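Chemist: Structure file run_24.cif (mmCIF, C-alpha atoms and all ligand atoms) is given on the next line.
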```cif
data_work
loop_
_atom_site.label_atom_id
_atom_site.label_comp_id
_atom_site.auth_asym_id
_atom_site.auth_seq_id
_atom_site.Cartn_x
_atom_site.Cartn_y
_atom_site.Cartn_z
CA MET I 1 -2.12 22.01 -4.62
CA LYS I 2 -3.25 23.19 -1.21
CA ASP I 3 -3.19 20.73 1.68
CA PHE I 4 -6.71 19.74 2.50
CA ILE I 5 -6.23 17.57 5.56
CA ARG I 6 -3.50 18.74 7.93
CA ILE I 7 -2.50 16.53 10.80
CA LYS I 8 0.02 18.05 13.18
CA GLY I 9 1.84 16.35 16.06
CA LEU I 10 -1.03 13.91 16.54
CA SER I 11 -0.72 11.37 19.37
CA LYS I 12 -3.04 8.94 21.09
CA SER I 13 -2.19 7.04 24.24
CA PHE I 14 -4.22 4.34 25.95
CA GLY I 15 -2.88 4.45 29.51
CA ASP I 16 0.91 4.08 29.16
CA PHE I 17 0.66 2.67 25.67
CA VAL I 18 1.28 5.08 22.80
CA ALA I 19 -0.80 3.85 19.84
CA VAL I 20 -0.17 6.89 17.59
CA ASP I 21 3.07 8.74 18.21
CA ASN I 22 3.43 12.36 17.13
CA VAL I 23 2.31 12.00 13.54
CA ASP I 24 2.44 14.79 10.93
CA LEU I 25 0.61 14.36 7.65
CA ASP I 26 -0.75 16.57 4.89
CA ILE I 27 -3.22 15.17 2.36
CA GLU I 28 -4.30 17.05 -0.74
CA LYS I 29 -7.86 17.44 -1.97
CA GLY I 30 -8.95 14.55 -4.18
CA GLU I 31 -6.16 12.24 -3.11
CA LEU I 32 -6.66 8.56 -2.48
CA PHE I 33 -4.31 8.24 0.44
CA SER I 34 -3.54 4.90 2.10
CA ILE I 35 -2.23 4.24 5.56
CA LEU I 36 -0.49 0.91 5.41
CA GLY I 37 0.91 -1.12 8.27
CA GLY I 38 0.88 -4.41 10.13
CA SER I 39 -1.57 -5.40 12.84
CA GLY I 40 -1.48 -3.10 15.85
CA CYS I 41 0.63 -0.36 14.20
CA GLY I 42 -1.98 2.30 15.05
CA LYS I 43 -3.61 2.87 11.66
CA THR I 44 -7.20 2.31 12.79
CA THR I 45 -6.66 4.56 15.80
CA LEU I 46 -5.45 7.30 13.46
CA LEU I 47 -8.49 6.86 11.22
CA ARG I 48 -10.82 6.91 14.22
CA MET I 49 -9.30 10.23 15.31
CA LEU I 50 -10.04 11.61 11.83
CA ALA I 51 -13.63 10.36 12.13
CA GLY I 52 -14.04 11.76 15.65
CA PHE I 53 -14.54 8.41 17.41
CA GLU I 54 -11.31 8.87 19.32
CA ILE I 55 -10.10 12.10 20.93
CA PRO I 56 -6.36 12.72 20.45
CA THR I 57 -4.09 12.93 23.49
CA SER I 58 -2.29 15.78 21.73
CA GLY I 59 -1.96 17.43 18.34
CA SER I 60 -4.47 18.76 15.85
CA ILE I 61 -6.47 17.87 12.73
CA GLU I 62 -7.62 20.44 10.21
CA ILE I 63 -9.92 19.77 7.25
CA ASP I 64 -10.39 22.43 4.59
CA GLY I 65 -9.03 25.11 6.90
CA VAL I 66 -11.21 24.20 9.89
CA ASP I 67 -9.80 22.72 13.09
CA ILE I 68 -11.93 19.62 13.76
CA THR I 69 -9.79 18.04 16.48
CA ARG I 70 -12.51 18.24 19.07
CA LEU I 71 -15.65 18.23 16.94
CA ALA I 72 -18.21 15.44 17.37
CA PRO I 73 -18.26 12.85 14.54
CA TYR I 74 -21.56 14.11 13.07
CA ASP I 75 -20.27 17.70 12.93
CA ARG I 76 -17.32 16.73 10.73
CA PRO I 77 -17.34 16.82 6.90
CA VAL I 78 -16.27 13.20 7.07
CA ASN I 79 -17.90 9.81 6.65
CA MET I 80 -16.47 6.43 7.54
CA MET I 81 -16.96 3.08 5.87
CA PHE I 82 -16.28 0.35 8.35
CA GLN I 83 -14.42 -2.95 8.10
CA SER I 84 -17.66 -4.93 8.34
CA TYR I 85 -19.94 -3.15 5.90
CA ALA I 86 -22.59 -1.95 8.31
CA ILE I 87 -25.64 -2.24 6.09
CA PHE I 88 -29.09 -3.01 7.46
CA PRO I 89 -30.20 -6.58 6.64
CA HIS I 90 -33.92 -5.78 6.73
CA MET I 91 -33.73 -2.86 4.25
CA ASN I 92 -33.39 -3.24 0.52
CA VAL I 93 -30.50 -1.70 -1.41
CA ALA I 94 -32.23 1.61 -2.19
CA LYS I 95 -33.43 2.08 1.41
CA ASN I 96 -29.98 1.30 2.76
CA ILE I 97 -28.44 3.93 0.51
CA ALA I 98 -31.14 6.48 1.36
CA TYR I 99 -30.77 5.98 5.11
CA GLY I 100 -28.49 8.94 5.92
CA LEU I 101 -30.59 11.42 3.94
CA ARG I 102 -33.86 10.18 5.48
CA LYS I 103 -32.40 10.61 8.94
CA ASP I 104 -31.47 14.19 8.04
CA GLY I 105 -35.06 14.91 6.93
CA VAL I 106 -34.23 15.52 3.27
CA GLY I 107 -37.34 15.67 1.02
CA LYS I 108 -38.60 12.54 -0.72
CA ALA I 109 -38.04 13.71 -4.30
CA GLU I 110 -34.48 14.84 -3.52
CA ILE I 111 -33.74 11.52 -1.80
CA GLU I 112 -35.02 9.57 -4.79
CA LYS I 113 -32.93 11.60 -7.20
CA ARG I 114 -29.74 11.20 -5.20
CA VAL I 115 -30.29 7.47 -4.54
CA ASP I 116 -30.71 6.91 -8.29
CA GLN I 117 -27.49 8.82 -8.95
CA MET I 118 -25.66 6.69 -6.39
CA LEU I 119 -27.13 3.44 -7.73
CA GLU I 120 -25.87 4.37 -11.15
CA LEU I 121 -22.47 5.30 -9.83
CA VAL I 122 -21.96 1.96 -8.08
CA GLN I 123 -23.77 0.09 -10.87
CA LEU I 124 -26.54 -1.37 -8.75
CA SER I 125 -29.61 0.19 -10.40
CA GLU I 126 -30.93 -3.23 -11.44
CA LEU I 127 -30.64 -4.58 -7.91
CA LYS I 128 -32.17 -1.72 -5.94
CA LYS I 129 -35.04 -3.81 -4.58
CA ARG I 130 -32.85 -6.65 -3.34
CA LYS I 131 -32.08 -7.29 0.32
CA PRO I 132 -28.43 -7.51 1.40
CA ASP I 133 -28.56 -11.31 1.79
CA GLN I 134 -29.43 -11.56 -1.91
CA LEU I 135 -26.21 -9.80 -2.91
CA SER I 136 -22.64 -10.94 -3.46
CA GLY I 137 -19.85 -9.67 -1.19
CA GLY I 138 -18.72 -7.19 -3.83
CA GLN I 139 -22.24 -5.86 -4.33
CA ARG I 140 -22.71 -5.43 -0.56
CA GLN I 141 -19.44 -3.53 -0.48
CA ARG I 142 -20.76 -1.19 -3.17
CA VAL I 143 -24.00 -0.62 -1.21
CA ALA I 144 -21.92 0.37 1.81
CA LEU I 145 -19.84 2.68 -0.36
CA ALA I 146 -22.94 4.33 -1.86
CA ARG I 147 -24.37 4.74 1.62
CA ALA I 148 -21.22 6.44 2.81
CA LEU I 149 -21.03 8.69 -0.25
CA ILE I 150 -24.61 9.87 -0.57
CA LYS I 151 -24.19 12.61 2.02
CA ARG I 152 -21.33 13.97 -0.08
CA PRO I 153 -18.71 14.10 2.62
CA LYS I 154 -15.55 16.06 1.87
CA VAL I 155 -13.55 13.11 3.14
CA LEU I 156 -14.39 9.42 3.08
CA LEU I 157 -12.53 7.18 5.49
CA LEU I 158 -12.34 3.52 4.57
CA ASP I 159 -11.17 0.87 7.02
CA GLU I 160 -9.93 -2.24 5.15
CA PRO I 161 -12.63 -1.65 2.51
CA LEU I 162 -11.96 -4.77 0.48
CA ALA I 163 -10.91 -7.23 3.18
CA ALA I 164 -14.07 -9.34 2.92
CA LEU I 165 -13.74 -9.94 -0.81
CA ASP I 166 -11.95 -12.82 -2.52
CA LYS I 167 -8.88 -12.07 -4.62
CA LYS I 168 -10.49 -11.74 -8.07
CA LEU I 169 -13.37 -9.64 -6.80
CA ARG I 170 -10.98 -7.50 -4.79
CA GLU I 171 -8.97 -6.72 -7.89
CA ARG I 172 -12.08 -5.70 -9.81
CA THR I 173 -13.48 -3.68 -6.94
CA GLN I 174 -10.17 -1.85 -6.52
CA PHE I 175 -10.55 -0.43 -10.01
CA GLU I 176 -14.22 0.42 -9.43
CA LEU I 177 -13.28 2.23 -6.25
CA MET I 178 -10.64 4.24 -8.11
CA THR I 179 -13.10 5.15 -10.88
CA ILE I 180 -15.76 6.27 -8.37
CA GLN I 181 -13.25 8.28 -6.39
CA ASP I 182 -12.00 9.92 -9.55
CA GLU I 183 -15.53 10.83 -10.69
CA LEU I 184 -16.52 12.37 -7.36
CA GLY I 185 -13.24 14.05 -6.49
CA ILE I 186 -13.82 13.22 -2.81
CA THR I 187 -10.69 12.74 -0.73
CA PHE I 188 -10.35 9.09 0.33
CA VAL I 189 -8.25 7.94 3.25
CA VAL I 190 -7.90 4.18 3.26
CA VAL I 191 -6.49 2.04 6.03
CA THR I 192 -5.19 -1.34 4.96
CA HIS I 193 -2.66 -4.01 5.83
CA ASP I 194 -2.72 -5.23 2.23
CA GLN I 195 0.28 -3.76 0.44
CA GLU I 196 -0.89 -4.71 -3.03
CA GLU I 197 -4.17 -2.92 -2.41
CA ALA I 198 -2.36 0.20 -1.23
CA MET I 199 0.00 0.10 -4.21
CA ILE I 200 -2.82 -0.16 -6.74
CA LEU I 201 -5.27 2.27 -5.15
CA SER I 202 -3.23 5.11 -3.80
CA THR I 203 -1.99 8.39 -5.10
CA ARG I 204 0.27 8.28 -2.03
CA ALA I 205 0.67 6.05 0.98
CA ALA I 206 2.15 6.24 4.45
CA ILE I 207 3.90 3.19 5.87
CA MET I 208 3.22 2.98 9.58
CA ASP I 209 4.97 1.04 12.32
CA GLN I 210 4.59 1.31 16.10
CA GLY I 211 2.51 4.45 15.89
CA ARG I 212 4.89 6.34 13.59
CA PHE I 213 5.23 6.92 9.88
CA GLN I 214 8.29 5.27 8.40
CA GLN I 215 7.85 6.74 4.92
CA ILE I 216 5.28 8.76 2.98
CA GLY I 217 5.32 8.77 -0.81
CA THR I 218 3.81 7.57 -4.05
CA PRO I 219 3.62 3.76 -4.38
CA LYS I 220 6.50 3.93 -6.85
CA GLU I 221 8.71 6.02 -4.57
CA ILE I 222 8.08 3.67 -1.67
CA TYR I 223 8.77 0.55 -3.72
CA GLU I 224 11.75 1.81 -5.69
CA PHE I 225 13.30 4.10 -3.08
CA PRO I 226 12.50 2.78 0.39
CA THR I 227 14.24 4.92 2.98
CA ASN I 228 14.94 2.23 5.55
CA ARG I 229 15.03 -1.53 6.04
CA PHE I 230 11.58 -1.69 7.61
CA VAL I 231 9.92 -0.15 4.56
CA ALA I 232 12.09 -2.12 2.11
CA ASN I 233 11.08 -5.40 3.72
CA PHE I 234 7.47 -4.44 4.33
CA ILE I 235 6.75 -3.65 0.70
CA GLY I 236 7.46 -6.58 -1.59
CA THR I 237 10.53 -8.77 -1.35
CA ILE I 238 14.06 -7.44 -1.26
CA ASN I 239 17.58 -8.84 -0.81
CA THR I 240 19.69 -6.82 1.61
CA PHE I 241 23.47 -7.11 1.97
CA GLU I 242 25.16 -5.59 4.96
CA GLY I 243 28.61 -4.22 4.22
CA VAL I 244 31.26 -1.63 4.99
CA VAL I 245 31.76 1.40 2.75
CA THR I 246 35.25 1.27 1.19
CA VAL I 247 35.10 4.06 -1.40
CA VAL I 248 32.96 7.17 -1.79
CA ASP I 249 33.38 9.22 -4.96
CA GLU I 250 31.30 11.67 -6.95
CA GLU I 251 29.14 9.08 -8.62
CA GLN I 252 29.27 5.89 -6.68
CA ILE I 253 29.99 4.23 -3.44
CA GLN I 254 31.66 0.88 -3.03
CA VAL I 255 30.70 -1.41 -0.23
CA TYR I 256 32.46 -4.62 0.70
CA CYS I 257 29.89 -7.27 1.62
CA ASP I 258 31.17 -10.42 3.27
CA GLU I 259 28.05 -12.40 2.48
CA ALA I 260 28.23 -11.54 -1.19
CA GLY I 261 31.99 -12.18 -1.22
CA GLU I 262 32.22 -9.07 -3.39
CA THR I 263 32.47 -5.35 -3.43
CA LEU I 264 29.05 -4.02 -4.42
CA THR I 265 28.58 -0.62 -5.98
CA ALA I 266 25.67 1.77 -5.64
CA LEU I 267 24.91 5.24 -6.87
CA GLY I 268 26.19 7.45 -4.12
CA ARG I 269 24.14 10.52 -3.60
CA GLN I 270 23.61 9.42 -0.01
CA LEU I 271 25.57 10.86 2.86
CA VAL I 272 27.84 7.97 3.73
CA GLU I 273 31.41 7.79 4.94
CA VAL I 274 34.20 5.31 4.41
CA GLY I 275 34.12 2.73 7.19
CA GLN I 276 30.38 3.06 7.78
CA THR I 277 28.26 -0.09 7.91
CA ILE I 278 25.24 0.14 5.62
CA ASN I 279 22.90 -2.11 3.66
CA ILE I 280 22.70 -2.45 -0.08
CA ALA I 281 19.31 -3.71 -1.22
CA ILE I 282 18.16 -5.14 -4.52
CA ARG I 283 14.71 -6.35 -5.58
CA PRO I 284 14.44 -9.91 -6.98
CA GLU I 285 13.09 -8.75 -10.36
CA LYS I 286 16.07 -6.44 -10.89
CA ILE I 287 18.46 -9.40 -10.82
CA PHE I 288 19.37 -11.21 -14.02
CA VAL I 289 20.15 -14.92 -13.78
CA SER I 290 22.17 -16.73 -16.44
CA LYS I 291 24.21 -19.87 -16.96
CA GLU I 292 27.10 -17.99 -18.55
CA ARG I 293 28.88 -15.08 -16.92
CA PRO I 294 27.40 -11.90 -18.49
CA ASP I 295 29.79 -9.68 -20.46
CA ASN I 296 28.91 -6.33 -18.96
CA LYS I 297 31.91 -5.42 -16.81
CA ASP I 298 30.06 -2.63 -15.01
CA ASP I 299 27.45 -4.90 -13.54
CA VAL I 300 27.74 -6.62 -10.20
CA CYS I 301 28.16 -10.30 -10.95
CA ILE I 302 28.22 -13.17 -8.44
CA GLU I 303 28.39 -16.91 -8.90
CA GLY I 304 25.96 -19.22 -7.13
CA ILE I 305 23.95 -22.41 -7.27
CA VAL I 306 20.18 -22.82 -7.75
CA ASP I 307 19.06 -23.96 -4.33
CA ASP I 308 15.34 -23.86 -4.99
CA LEU I 309 12.97 -22.78 -7.72
CA GLY I 310 9.29 -22.17 -8.20
CA TYR I 311 7.18 -21.79 -11.34
CA LEU I 312 4.39 -19.20 -11.11
CA GLY I 313 3.23 -19.16 -14.72
CA ASN I 314 4.15 -15.62 -15.67
CA ARG I 315 7.47 -15.76 -13.82
CA SER I 316 9.84 -18.10 -12.07
CA LEU I 317 11.37 -17.60 -8.66
CA TYR I 318 14.88 -18.78 -7.89
CA ARG I 319 16.69 -19.01 -4.61
CA VAL I 320 20.36 -18.83 -5.48
CA LYS I 321 22.92 -19.87 -2.88
CA LEU I 322 26.21 -17.97 -2.86
CA ALA I 323 29.57 -19.39 -1.71
CA SER I 324 28.99 -17.81 1.73
CA GLY I 325 25.74 -19.78 2.08
CA ARG I 326 23.70 -16.63 1.65
CA ILE I 327 20.46 -17.11 -0.32
CA VAL I 328 19.51 -14.47 -2.92
CA GLN I 329 15.97 -14.33 -4.29
CA VAL I 330 15.60 -13.78 -8.01
CA SER I 331 12.39 -13.33 -9.98
CA SER I 332 12.54 -13.86 -13.71
CA GLN I 333 9.82 -13.24 -16.32
CA ASN I 334 8.90 -16.31 -18.39
CA ARG I 335 8.96 -14.52 -21.70
CA ARG I 336 9.01 -17.59 -23.90
CA ARG I 337 6.68 -20.54 -23.70
CA SER I 338 8.53 -23.69 -22.85
CA ILE I 339 7.81 -27.04 -21.22
CA THR I 340 11.40 -27.65 -20.20
CA ARG I 341 12.94 -25.61 -17.45
CA PHE I 342 15.64 -23.10 -18.20
CA LEU I 343 17.33 -23.83 -14.88
CA GLU I 344 17.29 -26.85 -12.60
CA TRP I 345 18.08 -27.46 -8.96
CA GLY I 346 21.84 -27.50 -8.41
CA ASP I 347 22.69 -25.60 -11.64
CA LYS I 348 25.68 -23.30 -11.47
CA VAL I 349 24.51 -19.79 -12.34
CA TRP I 350 25.55 -16.15 -12.36
CA ILE I 351 23.39 -13.48 -10.88
CA SER I 352 23.99 -9.92 -12.00
CA TRP I 353 22.54 -6.46 -11.71
CA THR I 354 23.36 -2.86 -12.48
CA ASP I 355 24.21 -0.50 -9.63
CA ARG I 356 21.37 1.75 -10.80
CA SER I 357 18.92 -0.83 -9.46
CA THR I 358 20.26 -0.95 -5.93
CA VAL I 359 19.06 1.02 -2.94
CA VAL I 360 21.29 2.19 -0.12
CA LEU I 361 19.69 1.78 3.31
CA LEU I 362 21.27 3.59 6.23
CA ASP I 363 19.04 2.20 8.99
P1 LIG I 401 -5.27 -4.00 12.97
O1 LIG I 401 -4.81 -4.07 11.55
O2 LIG I 401 -4.98 -5.26 13.73
O3 LIG I 401 -6.68 -3.51 13.13
P2 LIG I 401 -4.26 -1.36 13.68
O4 LIG I 401 -2.98 -0.92 13.09
O5 LIG I 401 -5.49 -0.83 13.08
O6 LIG I 401 -4.30 -2.95 13.71
P3 LIG I 401 -5.08 -0.08 16.13
O7 LIG I 401 -6.45 -0.63 16.20
O8 LIG I 401 -4.92 1.32 15.73
O9 LIG I 401 -4.18 -1.02 15.22
O10 LIG I 401 -4.39 -0.30 17.55
C1 LIG I 401 -3.07 0.14 17.82
C2 LIG I 401 -2.68 -0.34 19.19
O11 LIG I 401 -3.44 0.35 20.17
C3 LIG I 401 -2.89 -1.82 19.42
O12 LIG I 401 -1.77 -2.34 20.12
C4 LIG I 401 -4.15 -1.89 20.25
O13 LIG I 401 -4.12 -3.00 21.11
C5 LIG I 401 -4.10 -0.57 21.01
N1 LIG I 401 -5.46 -0.08 21.29
C6 LIG I 401 -6.39 0.28 20.38
N2 LIG I 401 -7.53 0.70 20.99
C7 LIG I 401 -7.31 0.61 22.32
C8 LIG I 401 -8.09 0.90 23.50
N3 LIG I 401 -9.31 1.40 23.39
N4 LIG I 401 -7.53 0.66 24.68
C9 LIG I 401 -6.27 0.18 24.79
N5 LIG I 401 -5.48 -0.10 23.73
C10 LIG I 401 -5.99 0.10 22.52
#
```
How does this structure look as structure tokens?
Ligand code: ATP

Modeler:
Amino acid sequence: MKDFIRIKGLSKSFGDFVAVDNVDLDIEKGELFSILGGSGCGKTTLLRMLAGFEIPTSGSIEIDGVDITRLAPYDRPVNMMFQSYAIFPHMNVAKNIAYGLRKDGVGKAEIEKRVDQMLELVQLSELKKRKPDQLSGGQRQRVALARALIKRPKVLLLDEPLAALDKKLRERTQFELMTIQDELGITFVVVTHDQEEAMILSTRAAIMDQGRFQQIGTPKEIYEFPTNRFVANFIGTINTFEGVVTVVDEEQIQVYCDEAGETLTALGRQLVEVGQTINIAIRPEKIFVSKERPDNKDDVCIEGIVDDLGYLGNRSLYRVKLASGRIVQVSSQNRRRSITRFLEWGDKVWISWTDRSTVVLLD
């Protein structure tokens, strides 16, 4: 598919401070693309440059083949939905949604038709006469979304769209947002610090830190194949073991890790050399915990003691202490219903995993 938004060498400095640092990004038409990063990483600044509220220090932005880098916000085929859903308290739902079209002088009949379509899309037809203070947080969010969509922008920018909603409502609204986006085929660019939200919503995401992209990929690629320690630790939980490469062959690499007290193996397509210090990483849910030593000779297998445990209903979390004192986090599905615990504090256990589940991190 052809790239629809093309960002090339984009930077923004505020005085000496570089908020966005030479970013390249291509987004396809109809994607729901998330920019994910911690506070102050530059994601809002990047979004504001796409919207036209911030002029880049250098670089360019193209949408649908047109260079918009220096166009005013209202000349861009872009609309932005802000963190605080800017809806007018004195107008009812229908008037709020109609606002943009009325300002543009669109005819009354056309406005009515399009408002009705939007109300249906965001499932607020029944509530069109209500004022914002008579709506729930999720309903207000949908009014703001309808208001941003009614002018049919080619690109909708969303800044922390679900931040004001509680967890349950956020989960439901995430799916609604995906359905609406899918129906309209509009390209969405979402800025969020909420990794779960980005994982659920996005076709692809960029992980941002200190003004730069650390990795761009599908949620699955980013979770399963993080390219560096920052991304691995930012998304979900991961155990990393620093070690020195002892063997590199066609299929695998072997890495001696002091903390693990073991040689760990990993699939070795990476460019590593004997003697190099690297990190082997493994997600908690990829680790199997058992009281007996597992039979499979090919698996990595280390003895430890249950240092701490937590019951979360669907799964249990274990912190297993190795002989070196190193804690390894393990997450285990509670497949069977049971009142008694399978493991207790202080139990001697084995943790094991297959080398297919590990990730090699070079930096
Ligand atoms: P948050 O999640 O906290 O909103 P963010 O990733 O969206 O963070 P930005 O708002 O893009 O962060 O800001 C990036 C950096 O640029 C921050 O360190 C911020 O202080 C700085 N910054 C943003 N706007 C300005 C400005 N107008 N003048 C000076 N510095 C600014």

Chemist: Can you work out which residues are within 12 Å of ligand LIG 401 (chain I), considering all atoms listed in the file, and then hand them over as a PyMOL selection string?

Modeler: chain I and resi 11-21+35-49+53-55+82-83+158-160+163+190-194+207-213

Chemist: Take CA of Leu317 (chain I) and CA of Asp355 (chain I) and report the distance between them in Å, one decimal.

Modeler: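 So the two atoms, CA of Leu317 (chain I) and CA of Asp355 (chain I), lie 21.4 Å apart.
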
Chemist: Could you state the separation of CA of Ser202 (chain I) and CA of Asp67 (chain I) in Å, given to one decimal place?

Modeler: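 Spanning CA of Ser202 (chain I) to CA of Asp67 (chain I) is a straight-line distance of 25.3 Å.
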
Chemist: For Lys291 (chain I), which residue out of I:Ala146, I:Met118, I:Val349, I:Val328 is the nearest one, using only C-alpha atoms?

Modeler: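 Under the stated criterion, the closest residue is I:Val349.
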
Chemist: Please list as an MDAnalysis selection string every residue within 9 Å of Glu262 (chain I), counting all atoms listed in the file and excluding residues in the same chain fewer than 6 positions away.

Modeler: chainID I and resid 255:256 300:302

Chemist: For each of I:Val274, I:Phe234, I:Arg102, I:Gly261, take the minimum atom-to-atom distance to Asp249 (chain I), counting all atoms listed in the file, then give the residue where this is smallest.

Modeler: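 The shortest atom-to-atom distance to Asp249 (chain I) comes from I:Val274.
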